[in-house]
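Single-structure report; data block below.
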Amino acid sequence: GAGVSQSPRYKVAKRGQDVALRCDPISGHVSLFWYQQALGQGPEFLTYFQNEAQLDKSGLPSDRFFAERPEGSVSTLKIQRTQQEDSAVYLCASSLARTGGLNYGYTFGSGTRLTVV
Amino acid sequence: AQKITQTQPGMFVQEKEAVTLDCTYDTSDPSYGLFWYKQPSSGEMIFLIYQGSYDQQNATEGRYSLNFQKARKSANLVISASQLGDSAMYFCAMREGDSGGGADGLTFGKGTHLIIQP
């Protein structure tokens with residue numbers, strides 16, 4: 001597709017429910033990132049993939065968060081036993097470039113707004 | 001300490017005026033990149049402009065320019081001739097070059113909500 005596509009656009013989950021958020025990056029983009037954006041804050045890095053390899057997951061807030069990209073294209077961010085503090089917009093971004101080099105641009109999706117009630 | 005500081009939570013500006021959005025950063029890495037993104041109400045982050053730490057000249061992209069003052073660790077965004085469509089959240093972000101794990105992730109500031117008034 002022309003851009004990064006995220007689904008669902010909105011998700012309401014009951015506390016304790018598991019959720020899965022999907023990201024379709026731009027075709028051919030090697031790098032894929034997940035960010036969490038709490039209300040009124042800037043995005044915060046969660047994890048990063050180069051193709052199917054998860055090279056950095058240092059930003060995942062707890063072991064309830066899990067991300068995968070098994071075939072090096074579509075990625076899924078899974079949150080188990082959701083808590084109210086997980087309520088946020090989850091942004092996905094992709095890039096054509098591999099790691100290294102400071103100036104390579106991301107293309108962001110519009111995000112999934114997760115509300116845990 | 002915060003790595004990216006944006007001190008203006010909100011700004012109101014008259015249409016056609018120039019706008020300066022402030023950003024200061026903190027890093028000990030000599031190699032880094034600075035980015036500005038626009039986030040309209042639709043939620044998508046739109047890339048505006050990039051400045052590398054070794055770039056000799058300030059970056060410009062159309063109506064956007066970056067006032068890069070390396071010694072002051074400042075990277076302010078200047079929007080000339082503001083338009084109603086410029087109303088959005090604006091985020092300053094940094095990527096550090098040699099920080100190992102997470103080096104390819106961006107660190108964002110808290111943003112500035114810019115409202116252009118007719």
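Identifiers for the structure tokens are assigned positionally: chains receive A, B, ... in sequence, residues are indexed from 1 per chain, and ligands are indexed from 1 in the order shown.
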Closest-contact table, chain A side, partner chain B, 10 Å, counting only C-alpha atoms, as JSON lines:
```
{"residue": "A:Val4", "atom": "CA", "partner": "B:Glu44", "partner_atom": "CA", "distance": 9.7}
{"residue": "A:Ser31", "atom": "CA", "partner": "B:Asp104", "partner_atom": "CA", "distance": 9.6}
{"residue": "A:Phe33", "atom": "CA", "partner": "B:Gly105", "partner_atom": "CA", "distance": 7.6}
{"residue": "A:Trp34", "atom": "CA", "partner": "B:Gly105", "partner_atom": "CA", "distance": 9.2}
{"residue": "A:Tyr35", "atom": "CA", "partner": "B:Gly105", "partner_atom": "CA", "distance": 9.0}
{"residue": "A:Gln37", "atom": "CA", "partner": "B:Lys110", "partner_atom": "CA", "distance": 9.9}
{"residue": "A:Gly40", "atom": "CA", "partner": "B:Lys110", "partner_atom": "CA", "distance": 7.2}
{"residue": "A:Gln41", "atom": "CA", "partner": "B:Lys110", "partner_atom": "CA", "distance": 4.8}
{"residue": "A:Gly42", "atom": "CA", "partner": "B:Lys110", "partner_atom": "CA", "distance": 4.5}
{"residue": "A:Pro43", "atom": "CA", "partner": "B:Phe108", "partner_atom": "CA", "distance": 6.1}
{"residue": "A:Glu44", "atom": "CA", "partner": "B:Thr107", "partner_atom": "CA", "distance": 6.7}
{"residue": "A:Phe45", "atom": "CA", "partner": "B:Gly105", "partner_atom": "CA", "distance": 6.1}
{"residue": "A:Leu46", "atom": "CA", "partner": "B:Gly105", "partner_atom": "CA", "distance": 8.5}
{"residue": "A:Thr47", "atom": "CA", "partner": "B:Gly105", "partner_atom": "CA", "distance": 8.1}
{"residue": "A:Tyr48", "atom": "CA", "partner": "B:Gly105", "partner_atom": "CA", "distance": 7.5}
{"residue": "A:Leu55", "atom": "CA", "partner": "B:Gly101", "partner_atom": "CA", "distance": 8.0}
{"residue": "A:Asp56", "atom": "CA", "partner": "B:Gly102", "partner_atom": "CA", "distance": 6.0}
{"residue": "A:Lys57", "atom": "CA", "partner": "B:Gly102", "partner_atom": "CA", "distance": 8.0}
{"residue": "A:Ser58", "atom": "CA", "partner": "B:Gly102", "partner_atom": "CA", "distance": 7.0}
{"residue": "A:Gly59", "atom": "CA", "partner": "B:Gly102", "partner_atom": "CA", "distance": 8.2}
{"residue": "A:Val89", "atom": "CA", "partner": "B:Gly43", "partner_atom": "CA", "distance": 8.7}
{"residue": "A:Leu91", "atom": "CA", "partner": "B:Glu44", "partner_atom": "CA", "distance": 8.3}
{"residue": "A:Cys92", "atom": "CA", "partner": "B:Glu44", "partner_atom": "CA", "distance": 9.7}
{"residue": "A:Ala93", "atom": "CA", "partner": "B:Met45", "partner_atom": "CA", "distance": 9.1}
{"residue": "A:Arg98", "atom": "CA", "partner": "B:Asp104", "partner_atom": "CA", "distance": 9.5}
{"residue": "A:Thr99", "atom": "CA", "partner": "B:Asp104", "partner_atom": "CA", "distance": 6.6}
{"residue": "A:Gly100", "atom": "CA", "partner": "B:Asp104", "partner_atom": "CA", "distance": 7.5}
{"residue": "A:Gly101", "atom": "CA", "partner": "B:Gly97", "partner_atom": "CA", "distance": 7.5}
{"residue": "A:Leu102", "atom": "CA", "partner": "B:Gly33", "partner_atom": "CA", "distance": 5.7}
{"residue": "A:Asn103", "atom": "CA", "partner": "B:Gly33", "partner_atom": "CA", "distance": 6.7}
{"residue": "A:Tyr104", "atom": "CA", "partner": "B:Tyr50", "partner_atom": "CA", "distance": 9.3}
{"residue": "A:Gly105", "atom": "CA", "partner": "B:Phe47", "partner_atom": "CA", "distance": 7.6}
{"residue": "A:Tyr106", "atom": "CA", "partner": "B:Phe47", "partner_atom": "CA", "distance": 7.7}
{"residue": "A:Thr107", "atom": "CA", "partner": "B:Ile46", "partner_atom": "CA", "distance": 7.5}
{"residue": "A:Phe108", "atom": "CA", "partner": "B:Met45", "partner_atom": "CA", "distance": 5.6}
{"residue": "A:Gly109", "atom": "CA", "partner": "B:Glu44", "partner_atom": "CA", "distance": 5.7}
{"residue": "A:Ser110", "atom": "CA", "partner": "B:Glu44", "partner_atom": "CA", "distance": 4.1}
{"residue": "A:Gly111", "atom": "CA", "partner": "B:Gly43", "partner_atom": "CA", "distance": 6.6}
{"residue": "A:Thr112", "atom": "CA", "partner": "B:Gly43", "partner_atom": "CA", "distance": 9.1}
{"residue": "A:Arg113", "atom": "CA", "partner": "B:Gly43", "partner_atom": "CA", "distance": 9.4}
```
Checklist entry - Taking the backbone alone, and naming residues the way the document does, which bits of chain B are strand (DSSP E or B) by DSSP, as a ChimeraX atom specification? => result /B:4-5,10-14,19-21,24-25,32-39,46-52,60-61,64-69,74-79,88-96,107-108,112-117
Next on the checklist: Need to verify the contact set: Ala67 of chain A, 8 Å, only C-alpha atoms, exclusion of same-chain residues closer than 3 positions in sequence. Can you return it as a ChimeraX atom specification?
Outcome noted: /A:47,75-78
Output N, CA and C atoms for every residue in that selection, as a PDB file, in the first residue's frame.
```
ATOM      1  N   THR A  47       9.781  -1.016  20.530  1.00  0.00           N
ATOM      2  CA  THR A  47      10.574  -2.099  19.979  1.00  0.00           C
ATOM      3  C   THR A  47      10.847  -1.854  18.506  1.00  0.00           C
ATOM      4  N   SER A  75       3.500  -6.808  11.170  1.00  0.00           N
ATOM      5  CA  SER A  75       3.885  -6.984  12.569  1.00  0.00           C
ATOM      6  C   SER A  75       2.651  -6.914  13.453  1.00  0.00           C
ATOM      7  N   THR A  76       2.709  -7.638  14.551  1.00  0.00           N
ATOM      8  CA  THR A  76       1.631  -7.616  15.529  1.00  0.00           C
ATOM      9  C   THR A  76       2.202  -7.292  16.891  1.00  0.00           C
ATOM     10  N   LEU A  77       1.581  -6.349  17.562  1.00  0.00           N
ATOM     11  CA  LEU A  77       1.911  -6.033  18.952  1.00  0.00           C
ATOM     12  C   LEU A  77       0.796  -6.620  19.814  1.00  0.00           C
ATOM     13  N   LYS A  78       1.176  -7.499  20.709  1.00  0.00           N
ATOM     14  CA  LYS A  78       0.194  -8.149  21.564  1.00  0.00           C
ATOM     15  C   LYS A  78       0.383  -7.676  22.997  1.00  0.00           C
TER      16      LYS A  78
END
```
Checklist entry - Do you know which residues are at most 6 Å from segment 24-27 of chain A counting only C-alpha atoms, after dropping those on the same chain fewer than 6 positions away, and could you put them as a ChimeraX atom specification? => result /A:3-5,74,94
Item to check | Spatial neighbours of Gly16 of chain A, 10 Å, only C-alpha atoms, chain gap at least 3 places, as a list of chain:residue names | outcome: A:Ala13, A:Val19, A:Ile79, A:Gln80, A:Arg81, A:Thr82, A:Gln83, A:Gln84, A:Val116, A:Val117
Deliver the residues from the most recent selection as a file, using C-alpha atoms, as a short mmCIF file (atom, residue, chain, number, x, y, z; two decimals), in the first residue's frame.
```
data_model
loop_
_atom_site.label_atom_id
_atom_site.label_comp_id
_atom_site.auth_asym_id
_atom_site.auth_seq_id
_atom_site.Cartn_x
_atom_site.Cartn_y
_atom_site.Cartn_z
CA ALA A 13 -10.71 -3.70 25.94
CA VAL A 19 -5.39 -7.52 22.55
CA ILE A 79 -0.70 -7.01 25.04
CA GLN A 80 -1.76 -9.66 27.52
CA ARG A 81 -3.97 -9.04 30.56
CA THR A 82 -4.44 -5.37 29.69
CA GLN A 83 -4.33 -2.79 32.45
CA GLN A 84 -5.73 0.73 32.50
CA VAL A 116 -8.79 -0.21 28.65
CA VAL A 117 -11.89 0.02 30.80
#
```
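With distances restricted to only C-alpha atoms, A:Ser7 is the closest residue to Cys23 of chain A from A:Ser7, A:Glu85, A:Tyr90, A:Phe66.
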If you count only C-alpha atoms, which residues fall within 8 Å of Gln2 of chain B, apart from same-chain ones fewer than 3 positions away, as a CSV table (one decimal) with C-alpha atoms, in the first residue's frame?
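The resulting file, result.csv, is reproduced below:
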```
chain,number,residue,atom,x,y,z
B,5,THR,CA,12.5,19.5,26.1
B,25,TYR,CA,18.1,18.5,23.6
B,26,ASP,CA,20.5,16.7,25.9
```
Checklist entry - Neighbours of Cys23 of chain B within 6 Å (only C-alpha atoms; same-chain residues fewer than 4 positions away dropped), as a list in words? => result Thr5, Gln6, Ser74, Ala75 and Asn76 of chain B
